[in-house]
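Coordinates as given in upload_9.pdb (PDB, C-alpha atoms):
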MODEL        1
ATOM      1  CA  MET X 822       1.726-105.575  43.352
ATOM      2  CA  THR X 823       4.421-106.380  40.771
ATOM      3  CA  PHE X 824       7.767-104.669  41.302
ATOM      4  CA  ALA X 825      11.480-105.004  40.554
ATOM      5  CA  PHE X 826      14.540-104.664  42.770
ATOM      6  CA  LEU X 827      17.624-102.847  41.471
ATOM      7  CA  PHE X 828      21.011-103.369  43.129
ATOM      8  CA  PRO X 829      23.648-100.598  43.028
ATOM      9  CA  GLY X 830      27.285-101.124  42.170
ATOM     10  CA  GLN X 831      30.635 -99.494  42.715
ATOM     11  CA  GLY X 832      30.402 -95.734  43.228
ATOM     12  CA  SER X 833      27.458 -95.807  45.644
ATOM     13  CA  GLN X 834      29.624 -96.564  48.681
ATOM     14  CA  SER X 835      30.037 -94.074  51.532
ATOM     15  CA  LEU X 836      31.178 -94.123  55.137
ATOM     16  CA  LYS X 837      28.539 -95.249  57.656
ATOM     17  CA  MET X 838      26.174 -96.016  54.784
ATOM     18  CA  MET X 839      24.635 -98.984  56.628
ATOM     19  CA  ASP X 840      24.111 -97.255  59.979
ATOM     20  CA  GLY X 841      20.387 -96.923  59.264
ATOM     21  CA  PHE X 842      20.166-100.722  59.388
ATOM     22  CA  ALA X 843      22.505-101.231  62.340
ATOM     23  CA  ASP X 844      19.713-102.358  64.692
ATOM     24  CA  LEU X 845      18.772-105.270  62.416
ATOM     25  CA  PRO X 846      20.680-108.455  63.368
ATOM     26  CA  VAL X 847      20.396-109.885  59.845
ATOM     27  CA  VAL X 848      22.442-106.965  58.520
ATOM     28  CA  GLN X 849      25.188-107.463  61.082
ATOM     29  CA  HIS X 850      25.212-111.214  60.432
ATOM     30  CA  THR X 851      25.525-110.679  56.688
ATOM     31  CA  PHE X 852      28.549-108.426  57.123
ATOM     32  CA  GLU X 853      30.069-110.872  59.586
ATOM     33  CA  GLU X 854      29.706-113.704  57.073
ATOM     34  CA  ALA X 855      31.302-111.596  54.347
ATOM     35  CA  SER X 856      34.119-110.471  56.648
ATOM     36  CA  ASP X 857      34.821-114.039  57.762
ATOM     37  CA  ALA X 858      34.990-115.199  54.126
ATOM     38  CA  LEU X 859      37.654-112.590  53.322
ATOM     39  CA  SER X 860      39.373-112.376  56.733
ATOM     40  CA  VAL X 861      38.825-108.608  56.836
ATOM     41  CA  ASP X 862      36.359-106.510  58.845
ATOM     42  CA  LEU X 863      34.169-104.837  56.217
ATOM     43  CA  TRP X 864      31.873-103.206  58.783
ATOM     44  CA  ALA X 865      34.857-101.575  60.509
ATOM     45  CA  MET X 866      35.892-100.070  57.158
ATOM     46  CA  LEU X 867      32.494 -98.386  56.946
ATOM     47  CA  GLN X 868      32.950 -96.902  60.417
ATOM     48  CA  ALA X 869      36.446 -95.524  59.748
ATOM     49  CA  ASP X 870      37.320 -91.809  59.617
ATOM     50  CA  SER X 871      38.754 -92.112  56.108
ATOM     51  CA  ALA X 872      37.054 -93.499  53.004
ATOM     52  CA  ASP X 873      40.341 -94.725  51.528
ATOM     53  CA  ALA X 874      39.710 -98.366  52.448
ATOM     54  CA  ILE X 875      36.137 -98.542  51.165
ATOM     55  CA  ASN X 876      37.136 -96.777  47.938
ATOM     56  CA  ALA X 877      39.817 -99.370  47.145
ATOM     57  CA  THR X 878      38.279-101.562  44.437
ATOM     58  CA  VAL X 879      39.170-104.827  46.176
ATOM     59  CA  ASN X 880      37.159-103.675  49.202
ATOM     60  CA  THR X 881      34.411-101.706  47.442
ATOM     61  CA  GLN X 882      33.106-104.657  45.483
ATOM     62  CA  PRO X 883      32.577-107.051  48.437
ATOM     63  CA  ILE X 884      31.268-104.182  50.610
ATOM     64  CA  MET X 885      28.633-103.240  48.031
ATOM     65  CA  LEU X 886      27.646-106.873  47.565
ATOM     66  CA  ALA X 887      27.280-107.340  51.324
ATOM     67  CA  ALA X 888      25.343-104.086  51.672
ATOM     68  CA  GLY X 889      22.890-104.870  48.894
ATOM     69  CA  TYR X 890      22.285-108.427  50.036
ATOM     70  CA  ALA X 891      21.940-107.390  53.688
ATOM     71  CA  THR X 892      19.316-104.840  52.636
ATOM     72  CA  TYR X 893      17.497-107.538  50.678
ATOM     73  CA  LEU X 894      17.495-109.900  53.665
ATOM     74  CA  ALA X 895      16.212-107.095  55.873
ATOM     75  CA  TRP X 896      13.412-106.524  53.358
ATOM     76  CA  GLN X 897      12.530-110.208  53.472
ATOM     77  CA  GLU X 898      12.329-110.131  57.264
ATOM     78  CA  LEU X 899      10.151-107.015  57.336
ATOM     79  CA  ASN X 900       7.952-107.792  54.352
ATOM     80  CA  GLY X 901       8.712-111.035  52.587
ATOM     81  CA  LYS X 902       7.115-109.995  49.297
ATOM     82  CA  GLN X 903       9.293-111.180  46.426
ATOM     83  CA  PRO X 904      10.148-108.971  43.437
ATOM     84  CA  ALA X 905       9.056-110.192  40.024
ATOM     85  CA  VAL X 906      12.507-109.549  38.576
ATOM     86  CA  VAL X 907      15.885-108.224  39.762
ATOM     87  CA  ALA X 908      18.737-106.388  38.057
ATOM     88  CA  GLY X 909      22.008-104.872  39.180
ATOM     89  CA  HIS X 910      24.215-102.123  37.795
ATOM     90  CA  SER X 911      27.645-103.594  36.994
ATOM     91  CA  LEU X 912      28.815-105.182  40.271
ATOM     92  CA  GLY X 913      25.174-105.055  41.420
ATOM     93  CA  GLU X 914      24.447-107.884  38.977
ATOM     94  CA  TYR X 915      26.218-110.208  41.411
ATOM     95  CA  THR X 916      23.990-109.006  44.253
ATOM     96  CA  ALA X 917      20.963-109.628  42.053
ATOM     97  CA  LEU X 918      22.139-113.186  41.398
ATOM     98  CA  VAL X 919      22.636-113.806  45.128
ATOM     99  CA  ALA X 920      19.161-112.436  45.892
ATOM    100  CA  SER X 921      17.714-114.673  43.165
ATOM    101  CA  GLY X 922      19.215-117.769  44.771
ATOM    102  CA  ALA X 923      21.467-118.444  41.772
ATOM    103  CA  LEU X 924      24.759-117.630  43.496
ATOM    104  CA  PRO X 925      25.602-118.550  47.109
ATOM    105  CA  PHE X 926      26.562-115.457  49.104
ATOM    106  CA  ALA X 927      29.785-116.863  50.603
ATOM    107  CA  GLU X 928      31.024-117.831  47.140
ATOM    108  CA  ALA X 929      29.923-114.519  45.645
ATOM    109  CA  ILE X 930      31.935-112.514  48.187
ATOM    110  CA  LYS X 931      35.145-114.336  47.258
ATOM    111  CA  LEU X 932      34.291-114.120  43.576
ATOM    112  CA  VAL X 933      33.855-110.341  43.545
ATOM    113  CA  ARG X 934      37.106-109.896  45.479
ATOM    114  CA  LEU X 935      38.856-111.939  42.777
ATOM    115  CA  ARG X 936      37.006-109.934  40.094
ATOM    116  CA  ALA X 937      38.286-106.693  41.607
ATOM    117  CA  GLU X 938      41.853-107.996  41.818
ATOM    118  CA  ALA X 939      41.717-109.201  38.214
ATOM    119  CA  MET X 940      40.382-105.855  37.003
ATOM    120  CA  GLN X 941      43.120-103.937  38.794
ATOM    121  CA  ALA X 942      45.811-106.281  37.495
ATOM    122  CA  ALA X 943      44.597-106.066  33.887
ATOM    123  CA  VAL X 944      45.481-102.379  33.512
ATOM    124  CA  PRO X 945      48.429-100.840  35.394
ATOM    125  CA  ALA X 946      47.598 -97.851  37.586
ATOM    126  CA  GLY X 947      47.632 -94.608  35.627
ATOM    127  CA  THR X 948      47.173 -96.345  32.278
ATOM    128  CA  GLY X 949      43.397 -96.315  32.074
ATOM    129  CA  ALA X 950      40.664 -93.749  32.677
ATOM    130  CA  MET X 951      36.905 -93.217  32.637
ATOM    131  CA  ALA X 952      34.832 -90.103  31.984
ATOM    132  CA  ALA X 953      31.156 -89.176  32.100
ATOM    133  CA  ILE X 954      29.699 -87.518  29.000
ATOM    134  CA  LEU X 955      26.575 -85.438  29.574
ATOM    135  CA  ASN X 956      23.891 -84.358  27.104
ATOM    136  CA  LEU X 957      25.228 -85.955  23.929
ATOM    137  CA  SER X 958      23.577 -88.674  21.861
ATOM    138  CA  ASP X 959      24.845 -92.239  22.084
ATOM    139  CA  ASP X 960      25.709 -92.236  18.377
ATOM    140  CA  ASP X 961      27.743 -89.028  18.678
ATOM    141  CA  ILE X 962      29.636 -90.507  21.630
ATOM    142  CA  ARG X 963      30.401 -93.666  19.667
ATOM    143  CA  ALA X 964      31.642 -91.532  16.765
ATOM    144  CA  ALA X 965      33.803 -89.391  19.058
ATOM    145  CA  CYS X 966      35.379 -92.507  20.570
ATOM    146  CA  ALA X 967      36.103 -93.940  17.116
ATOM    147  CA  GLU X 968      37.798 -90.668  16.081
ATOM    148  CA  ALA X 969      39.791 -90.425  19.312
ATOM    149  CA  ALA X 970      41.049 -94.004  19.530
ATOM    150  CA  GLN X 971      44.064 -93.577  17.219
ATOM    151  CA  GLY X 972      45.179 -97.150  17.810
ATOM    152  CA  GLU X 973      44.271 -97.138  21.503
ATOM    153  CA  VAL X 974      41.081 -98.180  23.294
ATOM    154  CA  VAL X 975      38.268 -95.795  24.185
ATOM    155  CA  GLU X 976      34.655 -96.971  24.222
ATOM    156  CA  PRO X 977      31.254 -96.070  25.670
ATOM    157  CA  VAL X 978      30.836 -98.479  28.576
ATOM    158  CA  ASN X 979      27.922 -97.337  30.770
ATOM    159  CA  PHE X 980      24.686 -96.272  29.109
ATOM    160  CA  ASN X 981      23.248 -95.000  32.383
ATOM    161  CA  SER X 982      20.379 -92.854  31.087
ATOM    162  CA  PRO X 983      19.652 -90.698  28.048
ATOM    163  CA  GLY X 984      22.265 -87.964  28.173
ATOM    164  CA  GLN X 985      24.503 -89.731  30.687
ATOM    165  CA  VAL X 986      27.069 -92.111  29.212
ATOM    166  CA  VAL X 987      30.442 -93.159  30.622
ATOM    167  CA  ILE X 988      33.441 -93.853  28.382
ATOM    168  CA  ALA X 989      36.558 -95.839  29.302
ATOM    169  CA  GLY X 990      39.894 -96.960  27.902
ATOM    170  CA  HIS X 991      43.479 -95.779  27.677
ATOM    171  CA  LYS X 992      43.970 -92.496  29.533
ATOM    172  CA  ALA X 993      45.189 -90.466  26.551
ATOM    173  CA  ALA X 994      42.437 -91.834  24.301
ATOM    174  CA  VAL X 995      39.769 -91.007  26.892
ATOM    175  CA  GLU X 996      41.126 -87.451  27.109
ATOM    176  CA  ARG X 997      40.974 -87.113  23.302
ATOM    177  CA  ALA X 998      37.435 -88.517  23.289
ATOM    178  CA  MET X 999      36.352 -86.018  25.950
ATOM    179  CA  GLU X1000      37.488 -83.157  23.717
ATOM    180  CA  ALA X1001      35.820 -84.754  20.690
ATOM    181  CA  CYS X1002      32.562 -85.106  22.621
ATOM    182  CA  LYS X1003      32.674 -81.464  23.677
ATOM    183  CA  ALA X1004      33.316 -80.468  20.071
ATOM    184  CA  LYS X1005      30.176 -82.409  19.082
ATOM    185  CA  GLY X1006      28.098 -80.501  21.627
ATOM    186  CA  ALA X1007      28.372 -82.403  24.914
ATOM    187  CA  LYS X1008      27.340 -80.212  27.825
ATOM    188  CA  ARG X1009      30.126 -81.625  30.004
ATOM    189  CA  ALA X1010      32.867 -84.253  29.896
ATOM    190  CA  LEU X1011      33.968 -85.152  33.421
ATOM    191  CA  PRO X1012      36.909 -87.401  34.318
ATOM    192  CA  LEU X1013      35.961 -89.949  36.982
ATOM    193  CA  PRO X1014      38.174 -90.709  39.997
ATOM    194  CA  VAL X1015      38.677 -94.421  39.284
ATOM    195  CA  SER X1016      41.730 -96.636  38.982
ATOM    196  CA  VAL X1017      40.242 -99.194  36.567
ATOM    197  CA  PRO X1018      38.656 -98.579  33.116
ATOM    198  CA  SER X1019      35.698-100.909  33.690
ATOM    199  CA  HIS X1020      33.607-102.600  30.995
ATOM    200  CA  CYS X1021      35.912-101.824  28.080
ATOM    201  CA  SER X1022      37.950-104.237  25.981
ATOM    202  CA  LEU X1023      41.044-103.643  28.162
ATOM    203  CA  MET X1024      39.254-105.871  30.692
ATOM    204  CA  ARG X1025      39.461-108.996  28.515
ATOM    205  CA  PRO X1026      42.450-110.428  30.469
ATOM    206  CA  ALA X1027      40.460-109.953  33.670
ATOM    207  CA  ALA X1028      37.472-111.654  32.048
ATOM    208  CA  GLU X1029      39.611-114.696  31.216
ATOM    209  CA  ARG X1030      40.674-114.968  34.847
ATOM    210  CA  LEU X1031      37.092-114.495  36.005
ATOM    211  CA  ALA X1032      35.857-117.179  33.603
ATOM    212  CA  GLU X1033      38.273-119.667  35.191
ATOM    213  CA  ALA X1034      36.966-118.835  38.660
ATOM    214  CA  LEU X1035      33.343-119.019  37.513
ATOM    215  CA  ARG X1036      33.863-122.589  36.336
ATOM    216  CA  GLU X1037      34.461-123.550  39.977
ATOM    217  CA  VAL X1038      31.446-121.661  41.373
ATOM    218  CA  ASN X1039      28.230-123.476  42.230
ATOM    219  CA  LEU X1040      25.495-121.724  40.227
ATOM    220  CA  ASN X1041      21.813-122.608  40.514
ATOM    221  CA  VAL X1042      18.768-121.828  38.399
ATOM    222  CA  PRO X1043      17.547-118.387  39.594
ATOM    223  CA  ALA X1044      14.310-118.431  41.578
ATOM    224  CA  ILE X1045      13.739-114.827  40.406
ATOM    225  CA  PRO X1046      14.611-113.723  36.843
ATOM    226  CA  VAL X1047      17.800-111.650  36.653
ATOM    227  CA  LEU X1048      18.248-109.127  33.828
ATOM    228  CA  HIS X1049      21.913-109.178  32.806
ATOM    229  CA  ASN X1050      23.867-106.048  31.880
ATOM    230  CA  ALA X1051      25.451-107.377  28.697
ATOM    231  CA  ASP X1052      22.286-108.621  26.994
ATOM    232  CA  VAL X1053      19.277-107.114  28.823
ATOM    233  CA  ALA X1054      18.071-110.717  29.034
ATOM    234  CA  SER X1055      17.575-113.304  31.767
ATOM    235  CA  TYR X1056      18.892-116.860  31.777
ATOM    236  CA  SER X1057      18.057-120.037  33.666
ATOM    237  CA  ASP X1058      21.004-122.081  32.376
ATOM    238  CA  PRO X1059      24.047-121.703  34.700
ATOM    239  CA  ALA X1060      26.367-121.917  31.674
ATOM    240  CA  GLN X1061      24.651-118.905  30.122
ATOM    241  CA  ILE X1062      24.877-117.009  33.422
ATOM    242  CA  ARG X1063      28.627-117.707  33.611
ATOM    243  CA  ASP X1064      29.017-116.466  30.043
ATOM    244  CA  ALA X1065      26.988-113.312  30.743
ATOM    245  CA  LEU X1066      29.102-112.501  33.821
ATOM    246  CA  THR X1067      32.316-113.031  31.872
ATOM    247  CA  ARG X1068      31.232-110.791  28.987
ATOM    248  CA  GLN X1069      29.902-108.175  31.398
ATOM    249  CA  LEU X1070      33.481-107.355  32.372
ATOM    250  CA  TYR X1071      34.418-106.056  28.906
ATOM    251  CA  MET X1072      31.002-105.107  27.475
ATOM    252  CA  PRO X1073      28.858-102.022  28.179
ATOM    253  CA  VAL X1074      26.348-101.795  31.021
ATOM    254  CA  ARG X1075      23.089-101.297  29.132
ATOM    255  CA  TRP X1076      21.203 -99.713  32.017
ATOM    256  CA  THR X1077      18.933 -97.456  29.983
ATOM    257  CA  GLU X1078      17.690-100.485  28.048
ATOM    258  CA  THR X1079      17.302-102.455  31.284
ATOM    259  CA  ILE X1080      14.892 -99.924  32.768
ATOM    260  CA  GLN X1081      13.106 -99.602  29.423
ATOM    261  CA  LYS X1082      12.727-103.385  29.275
ATOM    262  CA  LEU X1083      11.220-103.498  32.763
ATOM    263  CA  ALA X1084       8.843-100.625  32.004
ATOM    264  CA  GLY X1085       7.905-102.191  28.678
ATOM    265  CA  ASP X1086       7.003-105.379  30.531
ATOM    266  CA  GLY X1087       4.640-103.367  32.709
ATOM    267  CA  ILE X1088       6.876-103.104  35.777
ATOM    268  CA  LEU X1089       6.691 -99.430  36.674
ATOM    269  CA  LEU X1090       7.366 -99.773  40.405
ATOM    270  CA  MET X1091      10.964-100.457  41.424
ATOM    271  CA  ALA X1092      13.144-100.199  44.506
ATOM    272  CA  GLU X1093      16.868 -99.565  44.768
ATOM    273  CA  CYS X1094      17.971-102.212  47.233
ATOM    274  CA  GLY X1095      21.158-100.932  48.836
ATOM    275  CA  PRO X1096      22.977 -97.733  49.779
ATOM    276  CA  GLY X1097      22.374 -94.513  47.904
ATOM    277  CA  LYS X1098      19.815 -93.257  45.419
ATOM    278  CA  VAL X1099      21.782 -93.347  42.170
ATOM    279  CA  LEU X1100      19.667 -95.982  40.438
ATOM    280  CA  ALA X1101      16.415 -94.432  41.664
ATOM    281  CA  GLY X1102      17.432 -91.155  40.018
ATOM    282  CA  LEU X1103      18.458 -92.838  36.776
ATOM    283  CA  ALA X1104      15.205 -94.821  36.562
ATOM    284  CA  LYS X1105      13.117 -91.660  36.746
ATOM    285  CA  ARG X1106      15.207 -89.987  34.039
ATOM    286  CA  ILE X1107      14.929 -93.017  31.763
ATOM    287  CA  ASP X1108      11.137 -93.326  32.019
ATOM    288  CA  GLY X1109       8.959 -90.706  33.686
ATOM    289  CA  ASN X1110       6.273 -93.323  34.341
ATOM    290  CA  VAL X1111       8.595 -95.318  36.586
ATOM    291  CA  LYS X1112       8.520 -94.871  40.351
ATOM    292  CA  CYS X1113      11.678 -96.090  42.076
ATOM    293  CA  LEU X1114      11.918 -96.159  45.863
ATOM    294  CA  ALA X1115      15.284 -96.034  47.641
ATOM    295  CA  LEU X1116      15.773 -98.530  50.480
ATOM    296  CA  THR X1117      18.502 -96.684  52.362
ATOM    297  CA  ASP X1118      17.574 -97.427  55.993
ATOM    298  CA  ARG X1119      15.044 -99.256  58.152
ATOM    299  CA  ALA X1120      12.507 -96.423  57.939
ATOM    300  CA  SER X1121      12.549 -96.454  54.131
ATOM    301  CA  LEU X1122      12.225-100.246  54.154
ATOM    302  CA  GLU X1123       9.139-100.012  56.341
ATOM    303  CA  ALA X1124       7.633 -97.249  54.203
ATOM    304  CA  ALA X1125       8.247 -99.241  51.028
ATOM    305  CA  SER X1126       6.787-102.319  52.652
ATOM    306  CA  ALA X1127       3.564-100.456  53.315
ATOM    307  CA  GLU X1128       3.477 -99.074  49.770
ATOM    308  CA  LEU X1129       4.067-102.456  48.159
ATOM    309  CA  ALA X1130       1.638-104.335  50.421
TER     310      ALA X1130
ENDMDL
END
Target format structure tokens, applied to this file:
Amino acid sequence: MTFAFLFPGQGSQSLKMMDGFADLPVVQHTFEEASDALSVDLWAMLQADSADAINATVNTQPIMLAAGYATYLAWQELNGKQPAVVAGHSLGEYTALVASGALPFAEAIKLVRLRAEAMQAAVPAGTGAMAAILNLSDDDIRAACAEAAQGEVVEPVNFNSPGQVVIAGHKAAVERAMEACKAKGAKRALPLPVSVPSHCSLMRPAAERLAEALREVNLNVPAIPVLHNADVASYSDPAQIRDALTRQLYMPVRWTETIQKLAGDGILLMAECGPGKVLAGLAKRIDGNVKCLALTDRASLEAASAELA
């Protein structure tokens, strides 16, 4: 049976989110490898009483990469059936590349830590903002952002599903755009609790730093096609993959189109490979014909294995 794996990104993290896999040695080994690469104990952060550490961008990104890849390795051990294509939401694109064999895990962990540091350094704390706009057309959101910019940056950056778009940019411009969206009929405009305005043009300095690091990373031809956020296209040339990852930092996540592309190619069965059920929910809203399983613990892995057999 043909299916796709979707890897979640920042925002899906939660304390003890990997406890449902704790009895699988491959999961523990994956977190140990990631922790050794960064000289921090990522698993201990997940077991803490406070979520402050896992919500810090420099920790969230490697934790989510480790979690998604550990889930994928657990799937391989329990089932072994390979997805026809993989995709990841924002940071999840890196997990997809690791699962595809294009990006070595140990290098990816260091790379996403650097990516997080570069993103945080690009925009001083308190300068940027993000907000979710609900139940307004993409064109109206683009128009509201253009009206609200007034010499600053505010752009739609995450096209998550029809009626759910995230905007980002300078804090004051985002606030103006929220009001403009509500004036155009948006059901809600919700500020998001983030410290970095991801995927907008303010991230270009971070992208330049990331591009330098990517030149030193050993990239291989993917064994499984990876749909990239910036283009909704897959590449086999490592140079094109580097370029797609660089542009991803300051270009929108085209998730609605990604799911539509998969469904249009006849892939209607998908699985969210990693903590949470965010992508599973979005997939169903994007295309009612899509079924997306959530691989959140060993039991769900085993159930999905039986369904995809």
Quick one: residues within 10 Å of Ser1055 of chain X, all atoms listed in the file, excluding same-chain residues fewer than 5 positions away - as an NGL selection string? :X and (906-908 or 1043 or 1045-1050 or 1061-1062 or 1065)
Within 7 Å of Leu1011 of chain X using all atoms listed in the file, minus same-chain residues under 4 positions, as a list in words: Ala952, Ala953 and Ile954 of chain X
Please save C-alpha atoms of the selected residues as a JSON list (two decimals), keeping the file's coordinate frame.
[["chain", "number", "residue", "atom", "x", "y", "z"],
["X", 952, "ALA", "CA", 34.83, -90.10, 31.98],
["X", 953, "ALA", "CA", 31.16, -89.18, 32.10],
["X", 954, "ILE", "CA", 29.70, -87.52, 29.00]]
Show which residues sit within 7 Å of Gly889 of chain X, as a PyMOL selection string. Count all atoms listed in the file, and ignore same-chain residues fewer than 4 positions away. chain X and resi 828+885+893+916+1094-1095
The residue from X:Val974, X:Met839, X:Leu859, X:Glu854 with the smallest atom-to-atom distance to Leu1116 of chain X, counting all atoms listed in the file, is X:Met839
Determine, counting all atoms listed in the file, every residue of protein, DNA or RNA that lies within 7 Å of (27.7, -103.7, 32.3) in the file coordinates, then give the result as a list of chain:residue names.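 Here is the list of nearby residues: X:His910, X:Ser911, X:Asn979, X:His1020, X:Asn1050, X:Ala1051, X:Gln1069, X:Leu1070, X:Met1072, X:Pro1073, X:Val1074, X:Arg1075.
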Kindly compute an axis-aligned box around the listed atoms of segment 836-855 of chain X, allowing 5 Å on each side, and express its centre and edge lengths in Å to one decimal as AutoDock Vina command-line options.
--center_x 25.0 --center_y -103.9 --center_z 59.5 --size_x 22.5 --size_y 29.6 --size_z 20.3
Hey, what comes out of the PyMOL selection byres ((chain X and resi 922) around 9) on this file? Could you write it as a ChimeraX atom specification? /X:917-921,923-926,1040-1045
Identify all residues satisfying the PyMOL selection byres ((chain X and resi 865) around 12) in the given file; provide them as a list in words.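 This file gives the following for the PyMOL selection byres ((chain X and resi 865) around 12): Leu836, Lys837, Met838, Met839, Asp840, Gln849, Phe852, Glu853, Ser856, Val861, Asp862, Leu863, Trp864, Met866, Leu867, Gln868, Ala869, Asp870, Ser871, Ala872, Ala874, Ile875, Asn880 and Ile884 of chain X.
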